[in-house]
Amino acid sequence: MDADMTQLGVAIVTASSALAGATVGGLFTLLKGRQEARERQADRDEQHRQRRFDSRRDAYIGFLTAFGNAEDELPKLYEFKVPASLEAFEREEASVVQAFNALFQAKLGVEIAGPPVMAAQAQRVLDQLYGIIEEYEGCFEANKDRPEASALIGLVPGHSRLANRLSVQRDRFTGAARVQLGGDVNEVPQEVLRGYVGDLANLE
């Protein structure tokens, strides 16, 4: 009887040890699986963040490049001389309008890349540029039959104000883009951030 009890005890201990080992092994496998799942999710999240960063950076650079091209075309309006025919004015204006349309397309890229605050700032740049084009169109119409030759830049009231506003909006977009892409807000001049700081919470 004692021998039977001893064997039973050994069997129980052996079974308990095996069960404990299986439990520990299963728990280790479960924890390892969860850790690997977290790591895979972290990798996916990082890849998503990198793709979003790249998309936004490319969109912002594309917009600023298109803006630079539009700025390069504006002197064709500034330096246009009246009196002149509508056809002559439209020939000179065509490249400005084309550059404006390219900037509009680049603004759509910013809208897609996000966030909304950046699309809004891009729209402000576009509106300011459109305002300059409209102002020069109106000035040409009012002075196309002017008796003495004059460059439109000398006839547009408040040209400096218009140009300064365009520059400010461009700088605000640049500053906002720098913040959005991870730059230190302290690197951005305060005059650039004016009217924008309140939107920083919406950047994500």
# chains A, B, ... in the order shown; residues from 1 in each chain; ligands from 1
>>> residues_around(residues="A:Gly62", least_positions_apart="4", cutoff="10 Å", atoms="only C-alpha atoms", output="VMD selection string")
chain A and resid 56 to 58 66 to 68 102 to 103 105 to 107 109 to 110
>>> residues_around(residues="A:Pro75", least_positions_apart="6", cutoff="12 Å", atoms="only C-alpha atoms", output="MDAnalysis selection string")
chainID A and resid 69 81 92:93 95:96 132:133 136 151:153 163
>>> select_by_dssp(residues="stretch 21-191 of chain A", states="strand (DSSP E)", output="list in words")
Lys81, Val82, Ser150 and Ala151 of chain A
>>> write_last_selection(atoms="N, CA and C atoms", output="compact mmCIF listing (two decimals), in the first residue's frame")
# COMPACT_ATOMS: atom_id res chain seq x y z
N LYS A 81 3.51 98.41 -69.83
CA LYS A 81 3.32 99.84 -70.06
C LYS A 81 2.05 100.12 -70.85
N VAL A 82 1.36 101.16 -70.43
CA VAL A 82 0.20 101.68 -71.16
C VAL A 82 0.59 103.03 -71.75
N SER A 150 3.37 104.77 -69.35
CA SER A 150 3.61 104.57 -67.92
C SER A 150 3.56 103.08 -67.61
N ALA A 151 4.46 102.64 -66.72
CA ALA A 151 4.42 101.26 -66.24
C ALA A 151 3.29 101.14 -65.22
>>> closest_residue(among="A:Ala42, A:Phe100, A:Cys139, A:Gly154", to="A:Thr65", atoms="only C-alpha atoms")
A:Phe100
>>> select_by_dssp(residues="stretch 126-156 of chain A", states="helix (DSSP H, G or I)", output="ChimeraX atom specification")
/A:126-143,152-154
>>> closest_residue(among="A:Thr174, A:Gln180, A:Ser160, A:Gln123", to="A:Tyr78", atoms="only C-alpha atoms")
A:Ser160
>>> residues_around(residues="stretch 143-145 of chain A", least_positions_apart="2", cutoff="6 Å", atoms="only C-alpha atoms", output="JSON, numbers by chain")
{"A": [82, 83, 84, 140, 141]}
>>> closest_residue(among="A:Val97, A:Ala149, A:Leu126, A:Leu181", to="A:Leu77", atoms="only C-alpha atoms")
A:Val97
>>> atom_distance(atom1="atom CA of A:Glu134", atom2="atom CA of A:Arg91")
15.8 Å
